[in-house]
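Contents: one structure, followed by commentary.
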Amino acid sequence: MTLHARIPTLVALLALLGTATGCNFLKSRDQLNKGIQAFKNADYEHATNYFQNAVQLDPKNPNARLYLATTYASQVVPNLTTPENLAIAQKALDGFNQVLAENPNDLTALKQIASIDRNIGKLDQAKADEMKVIAAAPNEPEAYYTIGSIDFNLVHYKNTVPILAADGLTDDGSGNKKMTKGACAKIKDANTEKVNEAMQNLQKAIDLNPDYSDAMDFLQLTYREKANVDCGDPAAQKADMAQTDAWIQKAMGARKVNELKKEEKAGGGVTMN
């Protein structure tokens with residue numbers, strides 16, 4: 001066959017391929033729409049099948065991969081480390097990482113990965129994930145709040161509670177003035193850095209969202225941990241507890257503001273001229 005004979009044949013093949021590709025695109029979109037409807041109905045089994053079909057029909061469709069990974073993520077049970085739950089979590093992580101391979105700043109994928117790692121107990125990894133969220137969206141308060149809340153949980157449950165228990169104490173939430181010097185030294189060493197990090201991130205979240213009551217709740221709890229870190233310094237502990245009380249009041253006020261906003265949004269608010 002001469003070169004001139006090949007050209008029309010190639011054009012015909014490309015035309016045929018274009019038709020098949022267009023057909024697959026429409027089929028993929030149909031499967032995607034069916035998957036979305038199944039997902040809305042919490043029918044995750046069928047949603048997964050539809051989204052898998054959508055990906056197979058149009059592998060370059062980022063929405064299909066995102067929806068498939070989201071469906072897996074929705075089935076992850078928080079704080080459950082059974083092989084089955086971890087396997088589902090890994091499928092979700094793999095899917096979101098495929099999305100990020102095409103678009104490294106996809107905010108939905110970044111947030112979902114952070115949430116999954118947190119839900120399966122990979123707290124240090126979840127903090128690293130949230131830093132990626134912050135890099136992509138530095139003015140969103142939730143990532144700062146999440147880092148602060150993770151730090152508090154690590155400080156309180158992994159460090160403070162067992163150190164005090166070894167000292168024969170239960171955390172009183174007010175600086176634990178009865179702890180020994182040995183326990184005091186251990187708490188300072190274990191918690192100082194994370195307490196400071198938690199406070200910085202929670203304060204940043206509040207700076208970005210002045211009515212962030214959840215961040216305020218964790219900030220007052222973190223001040224209680226700071227009172228433990230300030231063991232042996234009664235003046236510093238008194239100041240920490242004053243901040244605790246202040247943030248409790250601010251959180252209460254923020255919740256009232258948020259409730260009023262919800263009522264107004266729902267049409268239940270009263271507007272006065």
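Numbering starts fresh at 1 for the residues of each chain in the structure tokens, the chains themselves are lettered A, B, ... in the order given, and ligands are numbered from 1 as they appear.
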Selection near Lys188 in chain A, 8 Å with only C-alpha atoms, sequence-local residues under 4 positions removed, as a ChimeraX atom specification: /A:184,192,228-230
Any chance you can output those residues with C-alpha atoms as a compact mmCIF listing (two decimals), in the first residue's frame?
# COMPACT_ATOMS: atom_id res chain seq x y z
CA CYS A 184 5.38 17.88 85.86
CA THR A 192 4.77 22.03 75.36
CA ASN A 228 -0.67 21.46 83.12
CA VAL A 229 2.41 22.52 81.15
CA ASP A 230 2.75 25.53 83.49
Would you kindly return, as JSON, numbers by chain, each protein, DNA or RNA residue with an atom no farther than 12 Å from any atom of Ile150 in chain A, considering only C-alpha atoms and excluding same-chain residues fewer than 4 positions away? {"A": [114, 115, 117, 118, 119, 121, 122, 123, 124, 125, 126, 127, 128, 130, 143, 144, 145, 146, 154, 155, 156, 157, 158, 194, 195, 197, 198, 199, 201, 202, 215, 218, 219, 222]}
Selection export as a JSON list (two decimals), in the first residue's frame, atoms kept: C-alpha atoms:
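Generated file (result-v5.json):
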[["chain", "number", "residue", "atom", "x", "y", "z"],
["A", 114, "ALA", "CA", -7.11, 14.38, 55.46],
["A", 115, "SER", "CA", -10.51, 13.29, 56.76],
["A", 117, "ASP", "CA", -6.50, 9.53, 57.59],
["A", 118, "ARG", "CA", -8.02, 11.13, 60.67],
["A", 119, "ASN", "CA", -10.91, 8.66, 60.73],
["A", 121, "GLY", "CA", -6.40, 6.98, 63.39],
["A", 122, "LYS", "CA", -3.43, 8.23, 61.35],
["A", 123, "LEU", "CA", -3.38, 11.52, 63.23],
["A", 124, "ASP", "CA", 0.15, 12.65, 62.41],
["A", 125, "GLN", "CA", -0.49, 11.93, 58.73],
["A", 126, "ALA", "CA", -3.81, 13.75, 58.95],
["A", 127, "LYS", "CA", -2.00, 16.83, 60.26],
["A", 128, "ALA", "CA", 0.39, 16.66, 57.31],
["A", 130, "GLU", "CA", -4.21, 19.41, 56.50],
["A", 143, "ALA", "CA", -7.89, 22.98, 58.35],
["A", 144, "TYR", "CA", -6.38, 25.11, 61.14],
["A", 145, "TYR", "CA", -9.16, 23.99, 63.48],
["A", 146, "THR", "CA", -8.56, 20.34, 62.62],
["A", 154, "LEU", "CA", -2.76, 13.82, 71.18],
["A", 155, "VAL", "CA", -1.74, 15.96, 74.16],
["A", 156, "HIS", "CA", -4.63, 14.99, 76.40],
["A", 157, "TYR", "CA", -5.23, 11.32, 75.68],
["A", 158, "LYS", "CA", -1.76, 10.11, 74.71],
["A", 194, "LYS", "CA", 1.94, 20.54, 70.70],
["A", 195, "VAL", "CA", 0.07, 22.83, 73.11],
["A", 197, "GLU", "CA", 0.92, 24.50, 67.99],
["A", 198, "ALA", "CA", -2.69, 23.78, 68.93],
["A", 199, "MET", "CA", -3.21, 27.28, 70.32],
["A", 201, "ASN", "CA", -3.84, 26.97, 64.83],
["A", 202, "LEU", "CA", -7.06, 27.34, 66.81],
["A", 215, "ALA", "CA", -12.53, 26.19, 67.65],
["A", 218, "PHE", "CA", -11.00, 23.40, 71.77],
["A", 219, "LEU", "CA", -9.04, 26.53, 72.59],
["A", 222, "THR", "CA", -6.08, 23.61, 75.25]]
Set the distance at 8 Å and use only C-alpha atoms: which residues neighbour Cys231 in chain A once local chain neighbours fewer than 4 positions away are removed? I'd like the list as a PDB file with all heavy atoms, in the first residue's frame.
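Dumped everything to part07.pdb:
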ATOM      1  N   GLY A 175      -5.079  22.298  86.065  1.00  0.00           N
ATOM      2  CA  GLY A 175      -3.645  22.383  86.287  1.00  0.00           C
ATOM      3  C   GLY A 175      -3.061  21.289  87.157  1.00  0.00           C
ATOM      4  O   GLY A 175      -1.840  21.163  87.257  1.00  0.00           O
ATOM      5  N   ASN A 176      -3.923  20.498  87.804  1.00  0.00           N
ATOM      6  CA  ASN A 176      -3.461  19.349  88.599  1.00  0.00           C
ATOM      7  C   ASN A 176      -2.302  19.709  89.531  1.00  0.00           C
ATOM      8  O   ASN A 176      -1.183  19.206  89.418  1.00  0.00           O
ATOM      9  CB  ASN A 176      -3.051  18.201  87.665  1.00  0.00           C
ATOM     10  CG  ASN A 176      -4.225  17.684  86.851  1.00  0.00           C
ATOM     11  OD1 ASN A 176      -5.098  17.000  87.371  1.00  0.00           O
ATOM     12  ND2 ASN A 176      -4.258  18.039  85.585  1.00  0.00           N
ATOM     13  N   LYS A 177      -2.587  20.582  90.478  1.00  0.00           N
ATOM     14  CA  LYS A 177      -1.548  21.098  91.381  1.00  0.00           C
ATOM     15  C   LYS A 177      -0.945  20.018  92.283  1.00  0.00           C
ATOM     16  O   LYS A 177       0.107  20.234  92.884  1.00  0.00           O
ATOM     17  CB  LYS A 177      -2.121  22.240  92.214  1.00  0.00           C
ATOM     18  CG  LYS A 177      -2.524  23.458  91.373  1.00  0.00           C
ATOM     19  CD  LYS A 177      -3.131  24.546  92.231  1.00  0.00           C
ATOM     20  CE  LYS A 177      -3.472  25.778  91.399  1.00  0.00           C
ATOM     21  NZ  LYS A 177      -4.460  25.495  90.337  1.00  0.00           N
ATOM     22  N   CYS A 184       5.315  16.532  86.432  1.00  0.00           N
ATOM     23  CA  CYS A 184       5.375  17.879  85.858  1.00  0.00           C
ATOM     24  C   CYS A 184       6.425  17.937  84.746  1.00  0.00           C
ATOM     25  O   CYS A 184       6.166  18.445  83.650  1.00  0.00           O
ATOM     26  CB  CYS A 184       5.685  18.892  86.952  1.00  0.00           C
ATOM     27  SG  CYS A 184       5.927  20.586  86.350  1.00  0.00           S
ATOM     28  N   ALA A 227      -2.246  24.892  81.367  1.00  0.00           N
ATOM     29  CA  ALA A 227      -2.130  24.972  82.824  1.00  0.00           C
ATOM     30  C   ALA A 227      -1.332  23.785  83.359  1.00  0.00           C
ATOM     31  O   ALA A 227      -0.575  23.920  84.330  1.00  0.00           O
ATOM     32  CB  ALA A 227      -3.514  25.022  83.464  1.00  0.00           C
ATOM     33  N   GLN A 237      -0.551  29.456  85.808  1.00  0.00           N
ATOM     34  CA  GLN A 237      -1.729  28.586  85.799  1.00  0.00           C
ATOM     35  C   GLN A 237      -3.008  29.395  86.020  1.00  0.00           C
ATOM     36  O   GLN A 237      -4.038  29.131  85.392  1.00  0.00           O
ATOM     37  CB  GLN A 237      -1.590  27.516  86.876  1.00  0.00           C
ATOM     38  CG  GLN A 237      -0.557  26.446  86.534  1.00  0.00           C
ATOM     39  CD  GLN A 237      -0.513  25.347  87.592  1.00  0.00           C
ATOM     40  OE1 GLN A 237      -0.489  25.623  88.789  1.00  0.00           O
ATOM     41  NE2 GLN A 237      -0.496  24.092  87.146  1.00  0.00           N
TER      42      GLN A 237
END
Within 8 Å of Gly95 in chain A using only C-alpha atoms, minus same-chain residues under 4 positions, as a VMD selection string: chain A and resid 65 to 66 68 to 69 91 99
Next, the residues of the selection above should be written as a compact mmCIF listing (two decimals), in the first residue's frame with N, CA, C and O atoms.
# COMPACT_ATOMS: atom_id res chain seq x y z
N ARG A 65 -13.84 9.84 38.76
CA ARG A 65 -12.89 9.35 39.77
C ARG A 65 -13.17 9.97 41.13
O ARG A 65 -13.09 9.31 42.16
N LEU A 66 -13.50 11.26 41.13
CA LEU A 66 -13.77 11.96 42.38
C LEU A 66 -15.01 11.40 43.07
O LEU A 66 -15.02 11.16 44.29
N LEU A 68 -16.31 8.40 42.61
CA LEU A 68 -16.05 7.02 43.04
C LEU A 68 -15.29 7.01 44.36
O LEU A 68 -15.66 6.28 45.29
N ALA A 69 -14.26 7.84 44.46
CA ALA A 69 -13.49 7.91 45.70
C ALA A 69 -14.35 8.42 46.85
O ALA A 69 -14.24 7.94 47.98
N LYS A 91 -9.09 2.21 49.30
CA LYS A 91 -9.67 2.43 47.97
C LYS A 91 -10.00 3.90 47.78
O LYS A 91 -9.76 4.47 46.69
N VAL A 99 -6.87 11.47 41.50
CA VAL A 99 -7.36 12.81 41.15
C VAL A 99 -6.24 13.83 41.31
O VAL A 99 -6.03 14.69 40.45
Near range 31-46 of chain A, within 9 Å and counting only C-alpha atoms, which residues show up once chain neighbours fewer than 2 positions away are dropped, as a list of chain:residue names?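 The residues satisfying every condition are A:Leu26, A:Lys27, A:Ser28, A:Arg29, A:Thr48, A:Asn49, A:Tyr50, A:Phe51, A:Gln52, A:Asn53, A:Ala54, A:Val55, A:Asn63, A:Ala64, A:Tyr67, A:Leu68, A:Thr71, A:Tyr72, A:Ser74, A:Gln75.
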Pick out the closest residue to Pro104 in chain A from this set: A:Ile116, A:Ala246, A:Ala92, A:Ala136. Count only C-alpha atoms.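 Checking each of A:Ile116, A:Ala246, A:Ala92, A:Ala136 against Pro104 in chain A, counting only C-alpha atoms, the winner is A:Ala136.
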Closest to Glu193 in chain A among A:Lys181, A:Asp151, A:Arg255, A:Lys132, using only C-alpha atoms? A:Asp151
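With only C-alpha atoms as the atoms that count, the residue of A:Thr81, A:Asp106, A:Thr244, A:Asn24 with the shortest distance to Pro62 in chain A is A:Asp106.
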Enumerate, as a PyMOL selection string, the complete set of residues in range 31-128 of chain A that a backbone-based DSSP assignment places in helix (DSSP H, G or I). chain A and resi 31-40+44-57+62-74+83-102+107-119+123-128
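For the pair CA of Ala254 in chain A and CA of Asp207 in chain A, the separation is 13.1 Å.
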Which distance in Å separates CA of Asp211 in chain A and CA of Ile147 in chain A, to one decimal?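 Taking CA of Asp211 in chain A and CA of Ile147 in chain A, their separation equals 18.1 Å.
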Using only C-alpha atoms for the distances, tell me which of A:Cys23, A:Leu107, A:Val133, A:Gly232 is nearest to Thr180 in chain A. A:Gly232
